[in-house]
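Text of the file final_14.cif, holding mmCIF, C-alpha atoms and all ligand atoms:
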```cif
data_run
#
loop_
_atom_site.label_atom_id
_atom_site.label_comp_id
_atom_site.auth_asym_id
_atom_site.auth_seq_id
_atom_site.Cartn_x
_atom_site.Cartn_y
_atom_site.Cartn_z
CA MET A 25 2.25 -9.21 17.11
CA SER A 26 2.04 -7.83 13.56
CA VAL A 27 -0.74 -5.41 12.76
CA ILE A 28 -1.37 -6.92 9.34
CA ASP A 29 -0.03 -10.12 7.78
CA ILE A 30 -0.84 -10.92 4.18
CA GLU A 31 0.46 -14.15 2.68
CA ASP A 32 0.25 -15.23 -0.96
CA LEU A 33 -2.90 -13.26 -1.59
CA SER A 34 -4.45 -13.18 -5.04
CA PHE A 35 -7.74 -11.58 -5.99
CA ALA A 36 -9.98 -11.15 -9.05
CA TYR A 37 -13.39 -9.48 -9.35
CA ASP A 38 -14.08 -11.64 -12.40
CA SER A 39 -11.66 -13.64 -14.53
CA ASP A 40 -8.90 -11.01 -14.72
CA PRO A 41 -6.50 -11.04 -11.76
CA VAL A 42 -6.35 -7.68 -9.95
CA LEU A 43 -3.82 -8.73 -7.29
CA GLU A 44 -1.32 -11.59 -7.54
CA ASN A 45 0.79 -13.26 -4.85
CA ILE A 46 0.73 -10.36 -2.45
CA ASN A 47 2.83 -10.59 0.70
CA LEU A 48 2.81 -7.75 3.17
CA HIS A 49 3.62 -7.39 6.86
CA VAL A 50 2.77 -4.21 8.71
CA GLN A 51 4.14 -3.68 12.20
CA LYS A 52 2.94 -1.54 15.08
CA ARG A 53 3.61 2.18 14.54
CA ASP A 54 4.53 1.73 10.88
CA PHE A 55 3.63 4.53 8.49
CA LEU A 56 3.11 2.62 5.26
CA ALA A 57 2.66 4.52 2.01
CA ILE A 58 1.05 2.62 -0.84
CA ILE A 59 1.70 3.97 -4.31
CA GLY A 60 0.97 2.70 -7.82
CA PRO A 61 -0.88 3.55 -11.02
CA ASN A 62 -4.63 4.04 -11.24
CA GLY A 63 -6.27 0.65 -11.54
CA GLY A 64 -3.22 -1.04 -10.01
CA GLY A 65 -5.28 -2.58 -7.19
CA LYS A 66 -4.53 -0.26 -4.24
CA SER A 67 -8.15 0.30 -3.17
CA THR A 68 -8.91 -3.38 -3.73
CA LEU A 69 -6.06 -4.30 -1.39
CA LEU A 70 -7.43 -1.96 1.29
CA LYS A 71 -10.92 -3.43 0.92
CA LEU A 72 -9.49 -6.93 1.36
CA ILE A 73 -7.70 -5.80 4.54
CA LEU A 74 -11.00 -4.35 5.76
CA GLY A 75 -12.83 -7.58 5.01
CA LEU A 76 -15.12 -5.78 2.54
CA LEU A 77 -13.88 -8.17 -0.13
CA LYS A 78 -12.92 -11.82 0.29
CA SER A 79 -10.18 -13.59 -1.60
CA LYS A 80 -10.16 -17.21 -2.62
CA LYS A 81 -6.39 -17.53 -2.48
CA GLY A 82 -4.07 -16.55 0.35
CA THR A 83 -4.60 -15.24 3.86
CA ILE A 84 -5.04 -11.87 5.56
CA LYS A 85 -4.69 -11.46 9.29
CA VAL A 86 -5.41 -8.27 11.20
CA PHE A 87 -3.87 -8.49 14.67
CA GLY A 88 -3.66 -12.24 14.18
CA LYS A 89 -7.30 -12.78 13.21
CA ALA A 90 -9.51 -12.66 10.13
CA PRO A 91 -10.30 -9.01 9.26
CA SER A 92 -13.99 -9.42 10.16
CA LYS A 93 -13.04 -10.46 13.71
CA ASN A 94 -10.98 -7.34 14.35
CA LEU A 95 -12.86 -4.68 12.42
CA SER A 96 -13.18 -2.42 15.47
CA LEU A 97 -9.39 -2.05 15.52
CA ILE A 98 -9.35 -0.48 12.06
CA GLY A 99 -10.29 3.09 11.18
CA TYR A 100 -10.98 3.67 7.50
CA VAL A 101 -11.16 6.87 5.49
CA PRO A 102 -12.35 5.82 2.03
CA GLN A 103 -11.48 7.40 -1.31
CA ASN A 104 -13.56 10.36 -2.54
CA THR A 105 -15.23 11.27 0.73
CA ASN A 106 -15.47 14.84 -0.47
CA VAL A 107 -18.53 14.14 -2.58
CA ASN A 108 -22.04 15.12 -1.57
CA THR A 109 -20.99 18.11 0.47
CA ASP A 110 -24.41 19.73 0.02
CA PHE A 111 -25.92 17.27 2.44
CA PRO A 112 -27.22 19.43 5.34
CA ILE A 113 -25.44 17.79 8.23
CA LYS A 114 -23.31 19.17 11.03
CA VAL A 115 -19.68 18.26 11.61
CA ILE A 116 -20.41 16.66 14.99
CA GLU A 117 -23.10 14.46 13.40
CA VAL A 118 -20.66 13.24 10.76
CA VAL A 119 -18.17 12.28 13.48
CA LEU A 120 -20.82 10.57 15.61
CA MET A 121 -21.54 8.25 12.67
CA GLY A 122 -18.12 6.75 13.32
CA HIS A 123 -19.30 5.10 16.52
CA VAL A 124 -19.30 1.36 16.30
CA GLY A 125 -22.64 -0.23 17.02
CA ASN A 126 -24.40 2.01 14.48
CA LYS A 127 -26.85 3.75 16.73
CA ASN A 128 -29.87 5.14 15.03
CA PRO A 129 -29.34 8.92 14.95
CA LEU A 130 -33.10 9.40 15.32
CA PHE A 131 -32.85 8.21 18.92
CA GLY A 132 -29.88 10.41 19.61
CA TYR A 133 -26.45 9.73 21.00
CA GLY A 134 -25.45 9.56 24.66
CA LYS A 135 -23.26 12.03 26.51
CA ASP A 136 -20.29 9.69 26.35
CA GLU A 137 -20.53 9.33 22.60
CA ILE A 138 -20.76 13.08 22.10
CA ALA A 139 -17.77 13.61 24.41
CA CYS A 140 -15.87 10.99 22.47
CA ALA A 141 -16.73 12.62 19.13
CA MET A 142 -15.63 16.00 20.49
CA GLY A 143 -12.40 14.36 21.62
CA ALA A 144 -11.82 13.01 18.11
CA LEU A 145 -12.53 16.46 16.64
CA SER A 146 -10.03 18.00 19.00
CA GLN A 147 -7.44 15.38 17.96
CA VAL A 148 -7.70 16.68 14.40
CA GLY A 149 -7.91 20.35 15.44
CA MET A 150 -11.54 20.78 14.36
CA GLN A 151 -13.43 21.07 17.66
CA ALA A 152 -14.33 24.71 16.98
CA PHE A 153 -16.26 23.58 13.90
CA ALA A 154 -18.45 20.98 15.65
CA GLN A 155 -21.70 22.84 14.93
CA SER A 156 -20.73 23.98 11.41
CA LYS A 157 -22.39 22.49 8.35
CA ILE A 158 -20.04 20.01 6.70
CA GLY A 159 -20.60 21.75 3.34
CA SER A 160 -19.23 25.03 4.66
CA LEU A 161 -15.75 23.58 5.28
CA SER A 162 -12.74 23.53 2.97
CA GLY A 163 -11.66 20.22 1.43
CA GLY A 164 -8.81 19.85 3.94
CA GLN A 165 -11.08 20.59 6.90
CA ARG A 166 -13.67 18.09 5.65
CA GLN A 167 -11.02 15.43 5.33
CA ARG A 168 -9.89 16.09 8.91
CA VAL A 169 -13.50 15.58 10.00
CA MET A 170 -13.54 12.25 8.13
CA ILE A 171 -10.37 11.29 10.00
CA ALA A 172 -12.06 12.27 13.29
CA ARG A 173 -14.97 10.02 12.34
CA ALA A 174 -12.57 7.13 11.80
CA LEU A 175 -10.85 7.90 15.13
CA CYS A 176 -14.13 7.74 17.04
CA ALA A 177 -13.86 4.00 17.54
CA HIS A 178 -10.29 4.32 18.89
CA PRO A 179 -8.68 2.26 16.13
CA LYS A 180 -5.17 0.84 16.40
CA VAL A 181 -4.61 1.20 12.69
CA LEU A 182 -5.86 3.97 10.44
CA ILE A 183 -6.24 3.27 6.73
CA LEU A 184 -6.69 6.17 4.33
CA ASP A 185 -7.31 5.90 0.59
CA GLU A 186 -5.93 8.96 -1.22
CA PRO A 187 -6.90 11.35 1.57
CA THR A 188 -5.40 14.41 -0.09
CA SER A 189 -6.39 13.90 -3.72
CA SER A 190 -8.70 16.92 -3.94
CA ILE A 191 -7.03 19.14 -1.37
CA ASP A 192 -4.77 22.16 -1.88
CA ILE A 193 -1.07 21.96 -0.99
CA LYS A 194 -1.45 23.66 2.40
CA GLY A 195 -4.33 21.37 3.34
CA GLN A 196 -2.33 18.32 2.21
CA LYS A 197 0.60 19.26 4.40
CA GLU A 198 -1.74 19.73 7.38
CA ILE A 199 -3.27 16.30 6.82
CA TYR A 200 0.14 14.60 6.67
CA GLU A 201 1.36 16.48 9.75
CA LEU A 202 -1.78 15.28 11.51
CA LEU A 203 -1.10 11.69 10.43
CA LYS A 204 2.48 12.02 11.68
CA LEU A 205 1.14 13.06 15.07
CA LEU A 206 -1.41 10.23 15.13
CA ASN A 207 1.36 7.82 14.14
CA GLN A 208 2.85 8.25 17.62
CA SER A 209 0.17 5.86 18.83
CA ILE A 210 -1.56 4.48 15.71
CA THR A 211 -0.29 2.51 12.73
CA ILE A 212 -0.93 4.45 9.51
CA ILE A 213 -1.53 3.01 6.04
CA VAL A 214 -2.09 5.60 3.36
CA VAL A 215 -2.55 5.36 -0.39
CA SER A 216 -0.91 8.40 -1.92
CA HIS A 217 0.13 9.74 -5.29
CA ASP A 218 2.44 12.22 -3.68
CA ILE A 219 5.86 10.60 -3.83
CA SER A 220 7.64 13.21 -1.75
CA VAL A 221 5.20 12.51 1.07
CA ILE A 222 6.56 8.99 1.19
CA LEU A 223 10.04 10.20 1.98
CA GLU A 224 8.96 12.78 4.47
CA TYR A 225 6.49 10.77 6.49
CA ALA A 226 6.53 7.04 5.71
CA ASN A 227 8.97 4.46 7.01
CA LYS A 228 7.67 1.74 4.65
CA ALA A 229 6.53 1.92 1.04
CA ALA A 230 4.68 -0.53 -1.18
CA HIS A 231 4.24 -0.18 -4.92
CA VAL A 232 1.08 -1.95 -6.03
CA ASN A 233 0.43 -2.77 -9.65
CA LYS A 234 -1.16 -6.23 -9.59
CA GLN A 235 1.94 -7.33 -7.71
CA LEU A 236 3.33 -5.66 -4.65
CA SER A 237 6.89 -4.59 -4.16
CA PHE A 238 7.71 -3.69 -0.58
CA HIS A 239 10.45 -1.38 0.69
CA ASP A 240 11.65 -0.40 4.10
CA ILE A 241 12.64 3.21 3.45
CA SER A 242 13.41 4.31 7.00
CA ASP A 243 17.17 4.25 6.42
CA LYS A 244 17.20 4.82 2.70
CA LYS A 245 15.86 8.35 3.05
CA LYS A 246 19.31 9.58 3.96
CA THR A 247 20.77 8.32 0.71
CA PHE A 248 18.68 10.51 -1.59
CA HIS A 249 19.88 13.87 -2.72
CA THR A 250 17.80 17.02 -2.75
CA HIS A 251 17.42 19.43 -5.66
CA ASP A 252 18.56 23.04 -5.58
CA ASN A 253 18.58 23.22 -1.78
CA THR A 254 14.79 23.10 -1.87
CA GLY A 255 14.69 20.20 0.55
CA HIS A 256 12.74 18.14 -1.99
CA PHE A 257 14.05 14.66 -2.55
CA CYS A 258 14.58 13.42 -6.08
CA GLU A 259 11.34 11.66 -6.98
CA ILE A 260 12.90 9.87 -9.94
CA GLU A 261 15.46 8.23 -7.67
CA LEU A 262 12.77 7.22 -5.24
CA LEU A 263 10.58 5.73 -7.95
CA GLN A 264 13.52 3.78 -9.30
CA MET A 265 14.33 2.47 -5.84
CA LEU A 266 10.73 1.36 -5.44
CA GLY A 267 10.95 -0.47 -8.73
CA ALA A 268 8.07 1.62 -10.02
CA VAL A 269 9.89 3.15 -12.98
CA GLU A 270 13.11 2.86 -14.84
CA CYS A 271 14.82 5.80 -16.37
CA SER A 272 15.02 5.28 -20.12
CA SER A 273 17.33 8.03 -21.14
CA CYS A 274 19.43 9.52 -18.42
CA ASP A 275 21.18 9.18 -15.14
CA ALA A 276 18.75 9.63 -12.25
CA SER A 277 20.92 12.33 -10.75
CA ASP A 278 20.81 14.37 -13.97
CA THR A 279 17.24 15.52 -14.23
CA SER A 280 17.88 18.85 -15.81
CA THR A 281 17.71 18.24 -19.57
CA SER A 282 15.02 15.98 -21.00
CA SER A 283 11.26 15.96 -20.67
CA VAL A 284 9.05 13.62 -18.67
CA THR A 285 7.17 10.99 -20.61
CA ASN A 286 4.67 8.97 -18.67
CA THR A 287 4.08 6.33 -21.29
CA ASN A 288 1.22 4.60 -19.47
CA ASN A 289 -0.58 7.89 -19.06
CA ASN A 290 -1.45 7.07 -15.50
CA SER A 291 -0.99 9.01 -12.31
CA LEU A 292 1.63 7.09 -10.41
CA SER A 293 3.07 10.43 -9.52
CA GLU A 294 3.15 13.94 -10.82
CA PRO A 295 6.11 14.41 -13.16
CA VAL A 296 9.02 16.20 -11.56
CA GLU A 297 8.91 19.59 -13.22
CA GLY A 298 9.34 18.31 -16.77
CA LYS A 299 12.75 16.80 -16.30
CA SER A 300 13.50 13.15 -16.93
CA LYS A 301 12.18 10.41 -19.21
CA TRP A 302 10.75 7.59 -17.17
CA ARG A 303 8.36 4.76 -17.62
CA GLU A 304 6.66 2.14 -15.53
CA THR A 305 8.44 -1.16 -15.22
CA LYS A 306 5.34 -3.29 -14.60
N1 LIG A 401 -16.24 -3.48 -7.97
C1 LIG A 401 -15.46 -3.81 -9.01
N2 LIG A 401 -15.86 -4.72 -9.92
C2 LIG A 401 -15.05 -5.07 -10.95
N3 LIG A 401 -13.82 -4.56 -11.16
C3 LIG A 401 -13.38 -3.64 -10.29
C4 LIG A 401 -14.16 -3.21 -9.16
N4 LIG A 401 -13.46 -2.30 -8.46
C5 LIG A 401 -12.28 -2.15 -9.11
N5 LIG A 401 -12.23 -2.94 -10.19
C6 LIG A 401 -11.10 -3.10 -11.13
O1 LIG A 401 -10.01 -3.61 -10.39
C7 LIG A 401 -8.80 -2.99 -10.79
C8 LIG A 401 -8.14 -2.35 -9.58
O2 LIG A 401 -8.94 -1.27 -9.13
P1 LIG A 401 -8.61 -0.44 -7.83
O3 LIG A 401 -8.33 -1.37 -6.73
O4 LIG A 401 -9.70 0.55 -7.64
O5 LIG A 401 -7.25 0.28 -8.25
P2 LIG A 401 -6.54 1.59 -7.65
O6 LIG A 401 -7.15 1.88 -6.32
O7 LIG A 401 -5.09 1.23 -7.60
O8 LIG A 401 -6.78 2.69 -8.63
C9 LIG A 401 -9.16 -2.01 -11.90
O9 LIG A 401 -8.95 -2.64 -13.13
C10 LIG A 401 -10.63 -1.75 -11.66
O10 LIG A 401 -11.28 -1.44 -12.87
MG MG A 402 -8.12 3.59 -5.62
#
```

Written as structure tokens, how would this file's structure read?
Ligand SMILES: Nc1ncnc2c1ncn2[C@@H]1O[C@H](COP(=O)(O)OP(=O)(O)O)[C@@H](O)[C@H]1O
Ligand SMILES: [Mg+2]
Amino acid sequence: MSVIDIEDLSFAYDSDPVLENINLHVQKRDFLAIIGPNGGGKSTLLKLILGLLKSKKGTIKVFGKAPSKNLSLIGYVPQNTNVNTDFPIKVIEVVLMGHVGNKNPLFGYGKDEIACAMGALSQVGMQAFAQSKIGSLSGGQRQRVMIARALCAHPKVLILDEPTSSIDIKGQKEIYELLKLLNQSITIIVVSHDISVILEYANKAAHVNKQLSFHDISDKKKTFHTHDNTGHFCEIELLQMLGAVECSSCDASDTSTSSVTNTNNNSLSEPVEGKSKWRETK
């Protein structure tokens, strides 16, 4: 059975369409990377999958049922969870909030729930910080705690919206390595602006900018060249393959001469070290 099936989905908050004719099928153990410009509809798509928003056109099935019927199978790490870090709360308390059933913390949690939360913290390598104040952690550590919170309910699919946007490079790498590990048993869907992450970790990629263009990249990874023996894949090539950009002035393999122009001034991806002229196709 598919994890997620979306057929002919369209959505608008008001009169302007935000998503149009979206079709997407996510299978068990997929690692799906969702990319696209700011305002392209990525977070909206996630909220539809989570049943937080309802569409008038098209269908969404999560494990064969309406999202609201299978919510307990989805773990969600929303965008911008790194705000409000001054709140005086311990790591273990943050994780305990992930328990389904929404117990009232005033009446305390049972032994089983605490054991489960500690288990989730150990899954993300943060058990030693259980009694630390959340505000004392680094951005990467806090994000791992948010992932532990989402893991508390033993989800079968974990959805993360830009989990590494305010995290340093080392912390980002640790988060993606953690997701790779979790992907051995859980389906991962992650919105990311980091294109090279897609090649390294994802087997599927979707570019969302009102419409969705889907790519199975599990085999295609081998076909991309790397620059200067750095091991980094050519992001321009990848973006072209995804249909996200077209190169306006040069061959994709020659990225050494001209400068990057992101004509839409959005953050689809960081430019590749000031090399090639590219622009969005949609
Ligand atoms: N709650 C909302 N009410 C009205 N418009 C919204 C709301 N949330 C997002 N939008 C609009 O929907 C579009 C898609 O937003 P979003 O899904 O957040 O994009 P992304 O996550 O790709 O940056 C944007 O034009 C945004 O302004
Ligand atoms: Mg977003």

Next item on the list: Would you mind telling me which residue in A:Leu33, A:Cys140, A:Val115, A:Ala154 lies nearest to A:Leu69 when using only C-alpha atoms?
Entry: A:Leu33

Checklist line | Residue with smallest distance to A:Ile241 - pool A:Ile73, A:Val215, A:Ala57, A:Val50, counting only C-alpha atoms | finding: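 Between A:Ile73, A:Val215, A:Ala57, A:Val50, the residue approaching A:Ile241 most closely is A:Ala57.
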
Item checked: 8 Å contact set for A:Phe35, all atoms listed in the file, chain neighbours under 2 positions out, as a ChimeraX atom specification -> /A:33,37,41-44,79-81

Check: Which residues come within 9 Å of stretch 188-196 of chain A, counting only C-alpha atoms, excluding same-chain residues fewer than 4 positions away, as a VMD selection string?
Finding: chain A and resid 103 to 104 106 162 to 165 167 200 to 201 216 to 218

Cut-off 9 Å: closest chain A/ligand MG 402 (chain A) atom pairs per residue, using only C-alpha atoms and all ligand atoms, as JSON lines:
```
{"residue": "A:Asn62", "atom": "CA", "partner": "A:MG402", "partner_atom": "MG", "distance": 6.6}
{"residue": "A:Gly63", "atom": "CA", "partner": "A:MG402", "partner_atom": "MG", "distance": 6.9}
{"residue": "A:Gly64", "atom": "CA", "partner": "A:MG402", "partner_atom": "MG", "distance": 8.0}
{"residue": "A:Gly65", "atom": "CA", "partner": "A:MG402", "partner_atom": "MG", "distance": 7.0}
{"residue": "A:Lys66", "atom": "CA", "partner": "A:MG402", "partner_atom": "MG", "distance": 5.4}
{"residue": "A:Ser67", "atom": "CA", "partner": "A:MG402", "partner_atom": "MG", "distance": 4.1}
{"residue": "A:Thr68", "atom": "CA", "partner": "A:MG402", "partner_atom": "MG", "distance": 7.3}
{"residue": "A:Leu70", "atom": "CA", "partner": "A:MG402", "partner_atom": "MG", "distance": 8.9}
{"residue": "A:Gln103", "atom": "CA", "partner": "A:MG402", "partner_atom": "MG", "distance": 6.7}
{"residue": "A:Asp185", "atom": "CA", "partner": "A:MG402", "partner_atom": "MG", "distance": 6.7}
{"residue": "A:Glu186", "atom": "CA", "partner": "A:MG402", "partner_atom": "MG", "distance": 7.3}
{"residue": "A:Val215", "atom": "CA", "partner": "A:MG402", "partner_atom": "MG", "distance": 7.8}
```

Item checked: Of the listed residues A:Ile219, A:Leu175, A:Ile199, A:Ala230, that which approaches ligand LIG 401 (chain A) most closely, counting all atoms listed in the file -> A:Ala230

Mind working out the centre and edge lengths of an axis-aligned box for stretch 176-191 of chain A, all listed atoms inside, 5 Å added to each side, rounded to one decimal in Å and written as AutoDock Vina command-line options?
```
--center_x -9.4 --center_y 10.0 --center_z 7.5 --size_x 19.5 --size_y 28.3 --size_z 32.8
```

Check: Looking at only C-alpha atoms and all ligand atoms, which of A:Tyr100, A:Asp29, A:Ser146, A:Asn233 is the one that sits closest to ligand LIG 401 (chain A)?
Finding: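 Checking each candidate against ligand LIG 401 (chain A), we get A:Asn233 as the closest.
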